[in-house]
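Read the structure below first, then the notes.
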Amino acid sequence: MRSDRAPTDHTRWRVFPERAELVAEAAALMLARAREAIATRGAFYLVLAGGQTPLDVYARLATASAEWSRWHWYFGDERCLPTGDGGRNDTAIRRAWLDRIAASPDQVHAIPAERGAEAAARAYDAVLAGVGDFDLVLLGLGEDGHTASLFPGRSWPADRDVLAVHDAPKPPPERVTLSAARLARARRVLFLVTGASKRAAVAAWHAGAELPARAVRGQVEVWLDAEAAPEALSHSGAP
C-alpha cells in the first residue's frame with residue numbers, strides 16, 4: 001500500500017550540548033512515538049539505522065519498559081555478509097537491544113543480505129509491499145553525506161522501494177538499502193548525527209548541497225551534538 005502524499009522538505013535542525021543528552025532524548029522520543037502509534041493504530045512500525053550513536057540509543061532502550069509485542073522492526077540498509085556476521089547492522093542491533101527484550105522473531109524484519117544484493121532487494125521489497133507509512137525512521141549521516149547505503153554520486157531508480165548496491169565506496173561494496181523515497185514514507189524521520197567528523201557534511205547539507213541525506217524529504221528532524229554542528233547551527237539550541 002503506497003502513500004499518496006507528495007513528500008516536501010520540512011527539515012528541522014536541533015543541536016544538543018552533549019551527545020549523552022541526544023541519546024537520552026532519542027530513546028525517550030522512540031518510546032513516546034511507540035505509545036502514540038499503539039494507542040492510535042495498534043502497532044508501531046520502526047526503521048532502524050546502524051552506527052554507534054543509534055546503537056547507544058538501542059542499548060538504552062533495552063533497559064526500558066515498553067509494549068514490545070506491538071513493535072515491528074525494519075532496517076534501513078544492510079551489508080551483504082553472512083548471517084550473524086559482526087559487520088551486519090542487524091547483528092549489532094540484536095546484541096545491543098533486540099536479544100535483550102521480549103521480541104518475537106516475526107516482529108524483526110531483517111534484510112536477507114546473505115543472499116546477495118539483488119536477491120535480498122527483491123525479497124525485502126516483497127516484505128515491504130504490504131507495509132504503509134512507517135511511524136518512525138531512524139537514519140545516520142556519513143562523513144561524505146551518505147545515509148543508509150545511499151552514497152553520493154550514484155543514481156537510484158525512482159520507482160523502487162528497495163535497492164541493490166554493488167559499488168559502495170566503503171566495504172563491503174555489496175549492500176541492500178531502502179530508497180530515499182521509501183525512507184521518506186514515514187510519519188517522522190529522525191537523523192542522529194554526532195562527532196566533529198560529520199561537521200562538514202552537515203554544513204553542506206544545511207547549505208543545500210544535493211547529498212543523499214537531503215533526498216529523504218518529508219517530516220524530517222536532524223538531531224546533532226555540539227561537535228557535529230557547523231557554525232550556522234551551533235547556536236540554534238533546542239526548540
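Identifiers for the C-alpha cells are assigned positionally: chains receive A, B, ... in sequence, residues are indexed from 1 per chain, and ligands are indexed from 1 in the order shown.
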_Need the shell around Asp125 (chain A): protein/DNA/RNA residues with any atom at most 10 Å away, counting only C-alpha atoms. Skip same-chain ones fewer than 5 positions apart. Format as number ranges by chain?_
A: 111, 119-120, 130, 160-163, 178
*Got a sec: who's within 6 Å of Ala148 (chain A), counting only C-alpha atoms, leaving out chain neighbours fewer than 2 positions off, as an NGL selection string?*
:A and (76-77 or 150)
Next, dump the selected residues to file, keeping only C-alpha atoms, as a compact mmCIF listing (two decimals), in the first residue's frame.
```txt
# COMPACT_ATOMS: atom_id res chain seq x y z
CA GLY A 76 17.20 0.94 6.53
CA ASP A 77 20.10 -0.93 4.96
CA LEU A 150 22.71 5.72 -0.44
```
*Given the choices A:Leu48, A:Ala123, A:Val15, A:Ala180, which gets closest to Ala229 (chain A) if the distance is worked out from only C-alpha atoms?*
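Selected residue with least distance to Ala229 (chain A): A:Val15.
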*Hey, what does DSSP flag as helix (DSSP H, G or I) within region 2-225 of chain A? Can you give it to me as a PyMOL selection string?*
chain A and resi 19-41+52-61+68-70+89-96+98-100+105-107+113-115+117-128+180-184+196-206+212-215
*May I have the residues within 7 Å of Glu78 (chain A) as a list of chain:residue names, using only C-alpha atoms and disregarding those fewer than 3 positions away in the same chain?*
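Counting only C-alpha atoms, the residues come to A:Arg88, A:Asn89, A:Ile111, A:Ala113, A:Arg175, A:Val176, A:Thr177.
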Please write the residues from the selection above to a file, keeping N, CA and C atoms, as a PDB file, in the first residue's frame.
```pdb
ATOM      1  N   ARG A  88      27.363  -6.810  10.191  1.00  0.00           N
ATOM      2  CA  ARG A  88      25.987  -6.527   9.773  1.00  0.00           C
ATOM      3  C   ARG A  88      25.291  -5.629  10.793  1.00  0.00           C
ATOM      4  N   ASN A  89      24.429  -4.753  10.283  1.00  0.00           N
ATOM      5  CA  ASN A  89      23.641  -3.906  11.171  1.00  0.00           C
ATOM      6  C   ASN A  89      22.737  -4.731  12.075  1.00  0.00           C
ATOM      7  N   ILE A 111      16.781  -7.692   6.706  1.00  0.00           N
ATOM      8  CA  ILE A 111      17.064  -7.789   5.275  1.00  0.00           C
ATOM      9  C   ILE A 111      17.921  -9.040   5.049  1.00  0.00           C
ATOM     10  N   ALA A 113      20.389 -10.124   3.525  1.00  0.00           N
ATOM     11  CA  ALA A 113      21.510  -9.710   2.684  1.00  0.00           C
ATOM     12  C   ALA A 113      22.496 -10.832   2.403  1.00  0.00           C
ATOM     13  N   ARG A 175      25.600  -4.241  -0.954  1.00  0.00           N
ATOM     14  CA  ARG A 175      24.684  -3.870   0.120  1.00  0.00           C
ATOM     15  C   ARG A 175      23.253  -3.851  -0.398  1.00  0.00           C
ATOM     16  N   VAL A 176      22.324  -3.696   0.532  1.00  0.00           N
ATOM     17  CA  VAL A 176      20.910  -3.502   0.203  1.00  0.00           C
ATOM     18  C   VAL A 176      20.441  -2.295   1.006  1.00  0.00           C
ATOM     19  N   THR A 177      19.663  -1.438   0.372  1.00  0.00           N
ATOM     20  CA  THR A 177      19.205  -0.237   1.061  1.00  0.00           C
ATOM     21  C   THR A 177      17.782   0.117   0.666  1.00  0.00           C
TER      22      THR A 177
END
```
Using only C-alpha atoms, which protein or nucleic acid residues come within 10 Å of region 40-47 of chain A? Drop anything in the same chain fewer than 3 positions from it, and give the result as a JSON list (two decimals) with N, CA and C atoms, in the first residue's frame.
```
[["chain", "number", "residue", "atom", "x", "y", "z"],
["A", 30, "MET", "N", 11.47, 7.74, 20.98],
["A", 30, "MET", "CA", 11.04, 6.47, 20.40],
["A", 30, "MET", "C", 9.97, 5.81, 21.25],
["A", 31, "LEU", "N", 10.15, 5.83, 22.55],
["A", 31, "LEU", "CA", 9.15, 5.24, 23.44],
["A", 31, "LEU", "C", 7.83, 6.01, 23.36],
["A", 33, "ARG", "N", 6.73, 7.86, 20.79],
["A", 33, "ARG", "CA", 6.10, 7.62, 19.48],
["A", 33, "ARG", "C", 5.47, 6.24, 19.43],
["A", 34, "ALA", "N", 6.10, 5.28, 20.06],
["A", 34, "ALA", "CA", 5.54, 3.92, 20.10],
["A", 34, "ALA", "C", 4.21, 3.91, 20.85],
["A", 35, "ARG", "N", 4.17, 4.55, 22.01],
["A", 35, "ARG", "CA", 2.93, 4.59, 22.77],
["A", 35, "ARG", "C", 1.81, 5.25, 21.96],
["A", 36, "GLU", "N", 2.15, 6.32, 21.28],
["A", 36, "GLU", "CA", 1.15, 7.02, 20.47],
["A", 36, "GLU", "C", 0.65, 6.16, 19.33],
["A", 37, "ALA", "N", 1.57, 5.52, 18.61],
["A", 37, "ALA", "CA", 1.19, 4.68, 17.47],
["A", 37, "ALA", "C", 0.35, 3.50, 17.91],
["A", 67, "GLU", "N", 5.65, -1.88, 25.45],
["A", 67, "GLU", "CA", 4.76, -2.93, 24.95],
["A", 67, "GLU", "C", 5.40, -3.54, 23.70],
["A", 68, "TRP", "N", 6.49, -4.26, 23.92],
["A", 68, "TRP", "CA", 7.31, -4.74, 22.81],
["A", 68, "TRP", "C", 6.53, -5.61, 21.83],
["A", 69, "SER", "N", 5.49, -6.28, 22.28],
["A", 69, "SER", "CA", 4.74, -7.18, 21.40],
["A", 69, "SER", "C", 4.03, -6.44, 20.28],
["A", 70, "ARG", "N", 3.93, -5.12, 20.38],
["A", 70, "ARG", "CA", 3.27, -4.31, 19.34],
["A", 70, "ARG", "C", 4.27, -3.60, 18.43],
["A", 71, "TRP", "N", 5.54, -3.80, 18.66],
["A", 71, "TRP", "CA", 6.57, -3.16, 17.83],
["A", 71, "TRP", "C", 6.90, -4.05, 16.64],
["A", 72, "HIS", "N", 7.23, -3.39, 15.52],
["A", 72, "HIS", "CA", 7.75, -4.10, 14.34],
["A", 72, "HIS", "C", 8.99, -3.36, 13.87],
["A", 73, "TRP", "N", 10.11, -4.12, 13.80],
["A", 73, "TRP", "CA", 11.40, -3.52, 13.48],
["A", 73, "TRP", "C", 11.79, -3.85, 12.04],
["A", 74, "TYR", "N", 12.15, -2.81, 11.30],
["A", 74, "TYR", "CA", 12.67, -2.95, 9.93],
["A", 74, "TYR", "C", 14.06, -2.30, 9.90],
["A", 75, "PHE", "N", 14.75, -2.45, 8.78],
["A", 75, "PHE", "CA", 16.12, -1.98, 8.68],
["A", 75, "PHE", "C", 16.29, -1.10, 7.45],
["A", 76, "GLY", "N", 17.00, 0.02, 7.63],
["A", 76, "GLY", "CA", 17.20, 0.94, 6.53],
["A", 76, "GLY", "C", 18.17, 0.43, 5.49],
["A", 77, "ASP", "N", 19.15, -0.35, 5.91],
["A", 77, "ASP", "CA", 20.10, -0.93, 4.96],
["A", 77, "ASP", "C", 20.83, -2.08, 5.64],
["A", 107, "GLN", "N", 8.51, -10.31, 14.51],
["A", 107, "GLN", "CA", 8.41, -8.86, 14.60],
["A", 107, "GLN", "C", 9.68, -8.17, 14.08],
["A", 109, "HIS", "N", 12.10, -7.73, 11.15],
["A", 109, "HIS", "CA", 12.08, -7.95, 9.70],
["A", 109, "HIS", "C", 13.45, -7.60, 9.13],
["A", 131, "VAL", "N", 3.30, -2.95, 3.71],
["A", 131, "VAL", "CA", 3.56, -2.03, 4.82],
["A", 131, "VAL", "C", 3.31, -0.60, 4.35],
["A", 132, "GLY", "N", 2.48, 0.12, 5.09],
["A", 132, "GLY", "CA", 2.21, 1.52, 4.75],
["A", 132, "GLY", "C", 3.31, 2.44, 5.25],
["A", 133, "ASP", "N", 2.96, 3.65, 5.58],
["A", 133, "ASP", "CA", 3.94, 4.61, 6.08],
["A", 133, "ASP", "C", 4.50, 4.13, 7.42],
["A", 134, "PHE", "N", 5.81, 4.20, 7.57],
["A", 134, "PHE", "CA", 6.43, 3.87, 8.85],
["A", 134, "PHE", "C", 6.06, 4.94, 9.87],
["A", 135, "ASP", "N", 6.02, 4.54, 11.12],
["A", 135, "ASP", "CA", 5.78, 5.51, 12.19],
["A", 135, "ASP", "C", 7.01, 6.35, 12.47],
["A", 136, "LEU", "N", 8.19, 5.73, 12.39],
["A", 136, "LEU", "CA", 9.43, 6.45, 12.65],
["A", 136, "LEU", "C", 10.55, 5.77, 11.87],
["A", 137, "VAL", "N", 11.36, 6.59, 11.22],
["A", 137, "VAL", "CA", 12.55, 6.12, 10.53],
["A", 137, "VAL", "C", 13.76, 6.79, 11.17],
["A", 138, "LEU", "N", 14.71, 5.99, 11.62],
["A", 138, "LEU", "CA", 15.97, 6.49, 12.15],
["A", 138, "LEU", "C", 17.05, 6.40, 11.08],
["A", 139, "LEU", "N", 17.85, 7.44, 10.97],
["A", 139, "LEU", "CA", 18.93, 7.47, 9.99],
["A", 139, "LEU", "C", 20.16, 8.11, 10.60],
["A", 178, "LEU", "N", 17.05, 0.70, 1.60],
["A", 178, "LEU", "CA", 15.77, 1.31, 1.25],
["A", 178, "LEU", "C", 16.07, 2.57, 0.44],
["A", 183, "LEU", "N", 12.21, 5.63, 2.48],
["A", 183, "LEU", "CA", 12.56, 6.13, 3.80],
["A", 183, "LEU", "C", 11.71, 7.35, 4.17],
["A", 186, "ALA", "N", 7.13, 8.15, 5.89],
["A", 186, "ALA", "CA", 7.10, 7.95, 7.33],
["A", 186, "ALA", "C", 6.42, 9.14, 7.98],
["A", 188, "ARG", "N", 7.45, 10.32, 10.68],
["A", 188, "ARG", "CA", 8.55, 11.11, 11.20],
["A", 188, "ARG", "C", 9.86, 10.44, 10.82],
["A", 189, "VAL", "N", 10.83, 11.25, 10.39],
["A", 189, "VAL", "CA", 12.17, 10.77, 10.08],
["A", 189, "VAL", "C", 13.13, 11.51, 11.01]]
```
*Excluding His10 (chain A) and any residue of its chain fewer than 2 positions from it, enumerate the residues within 8 Å of it, using only C-alpha atoms, and give them as a list in words.*
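Contacts, in chain order: Thr8, Arg12, Arg217, Gly218, Gln219 and Val220 of chain A.
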Please write the residues from the selection above to a file, keeping C-alpha atoms, as a CSV table (one decimal), in the first residue's frame.
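What follows is the written file again21.csv:
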```
chain,number,residue,atom,x,y,z
A,8,THR,CA,8.1,18.0,0.7
A,12,ARG,CA,14.1,20.9,11.3
A,217,ARG,CA,12.2,14.6,2.2
A,218,GLY,CA,9.2,14.8,4.5
A,219,GLN,CA,8.7,15.3,8.2
A,220,VAL,CA,12.5,15.2,8.9
```
*Rounded to one decimal place, report the CA of Gly86 (chain A)-CA of Ala126 (chain A) distance in Å.*
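Taking CA of Gly86 (chain A) as the start and CA of Ala126 (chain A) as the end point, the length is 25.9 Å.
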Find the nearest atom pair between each residue of region 96-147 of chain A and region 197-213 of chain A for residues within 6 Å, count only C-alpha atoms, give distances in Å to one decimal, sort rows by chain and ascending number, and present the table as CSV.
```
residue,atom,partner,partner_atom,distance
A:Glu143,CA,A:Lys198,CA,5.0
A:Gly145,CA,A:Ala201,CA,5.3
A:His146,CA,A:Pro212,CA,5.4
A:Thr147,CA,A:Ala213,CA,5.4
```
